[in-house]
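Undergrad: Data: entry_3.tsv, TSV, C-alpha atoms.
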chain	number	residue	atom	x	y	z
A	1	MET	CA	0.00	0.00	0.00
A	2	ASN	CA	1.37	3.41	-0.97
A	3	ASP	CA	1.07	5.95	1.87
A	4	THR	CA	2.58	8.82	-0.15
A	5	PRO	CA	-0.01	11.59	-0.50
A	6	ALA	CA	-0.95	12.66	-3.99
A	7	PRO	CA	0.81	15.86	-5.03
A	8	GLN	CA	-1.34	18.94	-4.53
A	9	PRO	CA	-1.82	21.33	-7.46
A	10	SER	CA	0.11	24.57	-7.09
A	11	PRO	CA	-1.92	27.67	-6.15
A	12	HIS	CA	-0.83	29.25	-9.46
A	13	ARG	CA	-2.32	26.32	-11.38
A	14	ALA	CA	-5.61	26.73	-9.49
A	15	VAL	CA	-5.67	30.45	-10.35
A	16	LEU	CA	-5.09	29.72	-14.05
A	17	ASP	CA	-7.81	27.03	-14.04
A	18	GLU	CA	-10.32	29.64	-12.85
A	19	VAL	CA	-9.58	32.09	-15.67
A	20	ALA	CA	-11.68	30.28	-18.30
A	21	PRO	CA	-14.99	30.30	-16.36
A	22	ARG	CA	-14.31	33.88	-15.24
A	23	LEU	CA	-13.88	34.98	-18.87
A	24	ARG	CA	-17.13	33.25	-19.84
A	25	ARG	CA	-19.03	34.94	-17.00
A	26	LEU	CA	-17.64	38.38	-17.87
A	27	ARG	CA	-18.65	38.07	-21.51
A	28	ALA	CA	-22.13	36.84	-20.56
A	29	ARG	CA	-22.60	39.76	-18.15
A	30	ARG	CA	-21.58	42.22	-20.83
A	31	GLY	CA	-23.93	40.58	-23.35
A	32	LEU	CA	-21.14	40.25	-25.92
A	33	THR	CA	-20.80	37.65	-28.66
A	34	LEU	CA	-17.43	36.11	-29.46
A	35	ALA	CA	-17.51	37.99	-32.76
A	36	ALA	CA	-18.05	41.35	-31.04
A	37	LEU	CA	-15.33	40.65	-28.50
A	38	SER	CA	-12.97	39.58	-31.28
A	39	GLU	CA	-13.59	42.85	-33.08
A	40	THR	CA	-12.94	44.88	-29.90
A	41	THR	CA	-9.78	43.06	-28.83
A	42	GLY	CA	-8.26	41.91	-32.14
A	43	ILE	CA	-8.13	38.34	-30.79
A	44	SER	CA	-9.55	35.69	-33.12
A	45	LYS	CA	-12.89	34.06	-32.25
A	46	SER	CA	-11.27	30.63	-32.14
A	47	THR	CA	-8.63	31.80	-29.65
A	48	LEU	CA	-11.30	33.45	-27.47
A	49	SER	CA	-13.37	30.25	-27.58
A	50	ARG	CA	-10.37	28.11	-26.57
A	51	LEU	CA	-9.54	30.55	-23.72
A	52	GLU	CA	-13.10	30.32	-22.38
A	53	SER	CA	-13.17	26.52	-22.63
A	54	GLY	CA	-9.80	26.14	-20.91
A	55	GLN	CA	-8.18	24.57	-23.99
A	56	ARG	CA	-5.72	27.46	-24.22
A	57	ARG	CA	-3.70	28.83	-21.31
A	58	PRO	CA	-4.08	32.59	-20.85
A	59	SER	CA	-1.05	34.76	-21.53
A	60	LEU	CA	-0.41	38.41	-20.73
A	61	GLU	CA	-0.62	39.21	-24.44
A	62	LEU	CA	-4.21	37.88	-24.49
A	63	LEU	CA	-5.34	39.03	-21.06
A	64	LEU	CA	-4.34	42.70	-21.36
A	65	PRO	CA	-6.72	43.49	-24.29
A	66	LEU	CA	-9.49	41.49	-22.55
A	67	ALA	CA	-9.01	43.46	-19.31
A	68	ALA	CA	-9.24	46.68	-21.34
A	69	ALA	CA	-12.37	45.47	-23.18
A	70	TYR	CA	-14.11	44.47	-19.94
A	71	GLN	CA	-12.75	47.55	-18.10
A	72	VAL	CA	-11.53	45.53	-15.13
A	73	PRO	CA	-8.07	45.36	-13.51
A	74	LEU	CA	-5.91	42.47	-14.67
A	75	ASP	CA	-5.87	41.08	-11.11
A	76	ASP	CA	-9.69	40.83	-11.17
A	77	LEU	CA	-9.60	39.13	-14.55
A	78	VAL	CA	-7.34	36.33	-13.33
A	79	GLY	CA	-8.51	36.30	-9.71
A	80	ALA	CA	-4.98	36.75	-8.39
A	81	PRO	CA	-4.68	36.02	-4.65
A	82	GLU	CA	-4.39	39.06	-2.41
A	83	VAL	CA	-0.97	40.09	-1.19
A	84	GLY	CA	-0.47	39.69	2.54
A	85	ASP	CA	-1.16	42.67	4.76
A	86	PRO	CA	2.14	44.63	5.01
A	87	ARG	CA	1.12	46.62	8.09
A	88	VAL	CA	3.00	46.07	11.34
A	89	ARG	CA	0.62	45.67	14.26
A	90	LEU	CA	2.05	47.89	16.98
A	91	THR	CA	1.45	46.61	20.51
A	92	PRO	CA	2.73	48.95	23.23
A	93	ARG	CA	4.51	47.37	26.21
A	94	ALA	CA	4.95	48.95	29.60
A	95	LEU	CA	8.60	49.30	30.63
A	96	PRO	CA	9.41	47.95	34.10
A	97	ASN	CA	11.00	51.23	35.25
A	98	GLY	CA	8.44	53.58	33.71
A	99	GLY	CA	7.44	54.50	30.18
A	100	THR	CA	6.24	52.60	27.12
A	101	ALA	CA	7.97	50.69	24.32
A	102	VAL	CA	6.38	49.95	20.94
A	103	PRO	CA	8.17	47.18	18.97
A	104	LEU	CA	8.64	48.21	15.32
A	105	THR	CA	10.07	44.89	14.13
A	106	ARG	CA	8.06	41.69	13.79
A	107	GLY	CA	10.68	38.97	13.58
A	108	PRO	CA	13.27	37.69	16.05
A	109	GLY	CA	16.22	38.95	13.92
A	110	PRO	CA	19.55	40.23	15.22
A	111	LEU	CA	18.38	43.86	15.33
A	112	GLN	CA	15.22	45.00	17.09
A	113	ALA	CA	13.67	48.46	16.70
A	114	TYR	CA	11.49	50.21	19.26
A	115	LYS	CA	9.77	53.54	19.62
A	116	MET	CA	9.92	54.45	23.29
A	117	LEU	CA	8.29	57.04	25.50
A	118	ILE	CA	10.50	57.47	28.55
A	119	ALA	CA	9.11	59.04	31.70
A	120	ASP	CA	11.02	60.82	34.44
A	121	ARG	CA	12.59	57.95	36.34
A	122	GLY	CA	13.78	60.03	39.29
A	123	GLY	CA	17.00	61.84	39.95
A	124	GLU	CA	19.08	58.92	41.23
A	125	PRO	CA	20.38	56.76	38.33
A	126	ASP	CA	20.10	52.99	38.72
A	127	LEU	CA	22.77	51.82	36.27
A	128	ARG	CA	22.33	48.43	34.61
A	129	THR	CA	24.39	46.21	32.26
A	130	HIS	CA	23.44	43.46	29.80
A	131	GLU	CA	24.70	41.90	26.57
A	132	GLY	CA	24.16	43.87	23.39
A	133	TYR	CA	24.63	47.16	21.60
A	134	GLU	CA	22.15	50.04	21.56
A	135	TRP	CA	21.55	53.04	19.31
A	136	LEU	CA	19.25	55.82	20.54
A	137	TYR	CA	17.77	58.68	18.50
A	138	VAL	CA	15.83	61.44	20.28
A	139	LEU	CA	12.62	62.35	18.45
A	140	GLU	CA	11.15	64.79	20.94
A	141	GLY	CA	12.02	66.02	24.42
A	142	ARG	CA	15.28	65.81	26.34
A	143	LEU	CA	16.93	62.54	27.29
A	144	ARG	CA	19.32	62.17	30.20
A	145	LEU	CA	21.78	59.36	29.50
A	146	VAL	CA	24.19	58.18	32.17
A	147	LEU	CA	26.89	55.97	30.66
A	148	ALA	CA	29.56	54.89	33.17
A	149	GLU	CA	31.13	58.18	34.32
A	150	HIS	CA	29.42	60.28	31.62
A	151	ASP	CA	26.20	62.16	32.40
A	152	LEU	CA	24.76	63.53	29.15
A	153	VAL	CA	21.63	65.34	27.97
A	154	LEU	CA	20.48	64.73	24.38
A	155	GLY	CA	17.93	66.82	22.50
A	156	PRO	CA	15.84	66.15	19.37
A	157	GLY	CA	17.91	64.81	16.46
A	158	GLU	CA	20.83	63.73	18.65
A	159	VAL	CA	22.09	60.17	18.67
A	160	ALA	CA	23.97	57.98	21.12
A	161	GLU	CA	25.31	54.47	20.64
A	162	PHE	CA	26.97	52.28	23.22
A	163	ASP	CA	27.90	48.79	24.30
A	164	THR	CA	25.23	47.80	26.84
A	165	ARG	CA	27.82	45.93	28.93
A	166	VAL	CA	28.87	49.44	30.02
A	167	PRO	CA	26.75	50.48	33.04
A	168	HIS	CA	23.99	52.76	31.75
A	169	TRP	CA	20.67	54.41	32.60
A	170	PHE	CA	18.40	56.89	30.87
A	171	SER	CA	15.44	59.03	31.79
A	172	SER	CA	13.63	62.22	30.89
A	173	ALA	CA	15.98	65.14	31.57
A	174	ASP	CA	13.33	67.72	32.45
A	175	GLY	CA	10.39	65.88	34.01
A	176	ARG	CA	8.47	65.66	30.74
A	177	PRO	CA	8.26	62.42	28.70
A	178	VAL	CA	10.91	62.02	26.02
A	179	GLU	CA	10.26	60.14	22.77
A	180	ILE	CA	13.09	58.10	21.27
A	181	LEU	CA	13.83	55.47	18.65
A	182	SER	CA	15.92	52.58	19.91
A	183	LEU	CA	17.75	49.97	17.84
A	184	PHE	CA	19.06	47.11	19.90
A	185	GLY	CA	21.31	44.34	18.65
A	186	ARG	CA	23.18	41.38	19.98
A	187	GLN	CA	26.79	42.01	20.85
A	188	GLY	CA	28.71	43.10	17.78
A	189	GLU	CA	25.63	44.29	15.83
A	190	ARG	CA	26.43	47.99	15.39
A	191	MET	CA	24.37	50.54	13.48
A	192	HIS	CA	27.23	52.60	11.96
A	193	VAL	CA	25.35	55.89	12.33
A	194	ARG	CA	26.81	58.92	14.05
A	195	ALA	CA	25.27	62.14	15.25
A	196	LYS	CA	25.93	65.11	12.98
A	197	PRO	CA	28.49	67.37	14.65
A	198	ARG	CA	27.20	70.73	15.79
A	199	GLY	CA	28.37	73.60	13.61
Translate the structure of the given file into structure tokens.
TA:
Amino acid sequence: MNDTPAPQPSPHRAVLDEVAPRLRRLRARRGLTLAALSETTGISKSTLSRLESGQRRPSLELLLPLAAAYQVPLDDLVGAPEVGDPRVRLTPRALPNGGTAVPLTRGPGPLQAYKMLIADRGGEPDLRTHEGYEWLYVLEGRLRLVLAEHDLVLGPGEVAEFDTRVPHWFSSADGRPVEILSLFGRQGERMHVRAKPRG
């Protein structure tokens, strides 16, 4: 007994198989004869008949004039499957030490992007370390970044990047929330972007 499943037809084959009945329905709805359609498109009656019976595979050269004659998009004519939804569903996450992070990347790749709203976390820095490399870009507000012995304030358009094994902490610098973009990568994944020097 053969337990191997029968091969399934490809989705492209199924789409092509549906073109013939779709062409027949369109012509019937428009109330056109094969002769009238042939005159409009320049495609012979025999070719049109074979297309509608499935005896001839549709080609772009044949489908384009038919789409124009029926005044429908080519995708509707062939019933092409819809493209997947490209939108990223943004789900905010509360940060343990105050603020919100919105992941901007969907996959588990080496670099992760976040839009973050950082609250005032108090005046006393609580420096942390962990594996990785981080790149911060200030969108709005003022960010206080403590990095080892450095205590910095960054404004809109300024960038910082650092090895997260260096003790660090950041917060709003003036009591108001600060909005930043954060790119975080595993150790060795650097962004190669620098802040523009002030003139």
Undergrad: If we count all atoms listed in the file, what is near Thr129 of chain A at a cut-off of 10 Å, once residues fewer than 4 positions away on the same chain are taken out, given as a list in words?
TA: Asp163, Thr164, Arg165, Val166, Pro167, His168 and Trp169 of chain A
Undergrad: With only C-alpha atoms as the basis for distance, which of A:Ala69, A:Val178, A:Gly155, A:Leu60 is at the shortest distance from Glu39 of chain A?
TA: A:Ala69
Undergrad: Tell me which protein, DNA and RNA residues are within 7 Å of Glu140 of chain A, counting all atoms listed in the file, leaving out same-chain ones fewer than 4 positions away, and put them as a tab-separated table (two decimals) with C-alpha atoms, keeping the file's coordinate frame.
TA:
chain	number	residue	atom	x	y	z
A	156	PRO	CA	15.84	66.15	19.37
A	178	VAL	CA	10.91	62.02	26.02
A	179	GLU	CA	10.26	60.14	22.77
A	180	ILE	CA	13.09	58.10	21.27
Undergrad: Between atom CA of Ala36 of chain A and atom CA of Asp17 of chain A, what distance in Å does the model show, to one decimal?
TA: 24.5 Å
Undergrad: List the neighbours of Leu26 of chain A out to 10 Å using only C-alpha atoms; skip same-chain residues closer than 4 positions along the sequence, and give me the result as a list of chain:residue names.
TA: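 Final neighbour list, sorted by chain and number: A:Pro21, A:Arg22, A:Arg30, A:Gly31, A:Leu32, A:Leu66, A:Tyr70, A:Val72, A:Leu77.
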Undergrad: Could you work out how far atom CA of Glu158 of chain A lies from atom CA of Leu111 of chain A, giving the answer in Å with one decimal?
TA: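 Spanning atom CA of Leu111 of chain A to atom CA of Glu158 of chain A is a straight-line distance of 20.3 Å.
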Undergrad: Just how far from atom CA of Ala67 of chain A is atom CA of Gly54 of chain A, in Å to one decimal?
TA: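 Atom CA of Ala67 of chain A lies at a distance of 17.4 Å from atom CA of Gly54 of chain A.
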Undergrad: Closest to Gln71 of chain A among A:Glu131, A:Thr105, A:Arg27, A:Gly185, using all atoms listed in the file?
TA: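 Closest residue, counting all atoms listed in the file: A:Arg27.
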Undergrad: Looking at all atoms listed in the file, which of A:Glu18, A:Arg128, A:Glu52, A:Leu64 is the one that sits closest to Leu34 of chain A?
TA: A:Glu52
Undergrad: Which residue gives the smallest distance to Glu161 of chain A among A:Pro103, A:Gly132, A:Gly175, A:Gly141, with all atoms listed in the file counted?
TA: A:Gly132
Undergrad: Identify the residues within 8 Å of coordinate (3.1, 56.5, 31.2) (same frame as the file), considering all atoms listed in the file, and give the answer as a list in words.
TA: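 Every residue inside that radius is included here: Ala94, Gly98, Gly99, Thr100, Leu117, Ile118 and Ala119 of chain A.
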Undergrad: Can you find the residues with an atom no farther than 10 Å from (7.1, 54.1, 14.9), counting all atoms listed in the file, and report them as a list of chain:residue names?
TA: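 Protein and nucleic acid residues near the point are A:Val88, A:Leu90, A:Val102, A:Pro103, A:Leu104, A:Thr105, A:Ala113, A:Tyr114, A:Lys115, A:Met116, A:Ile180, A:Leu181.
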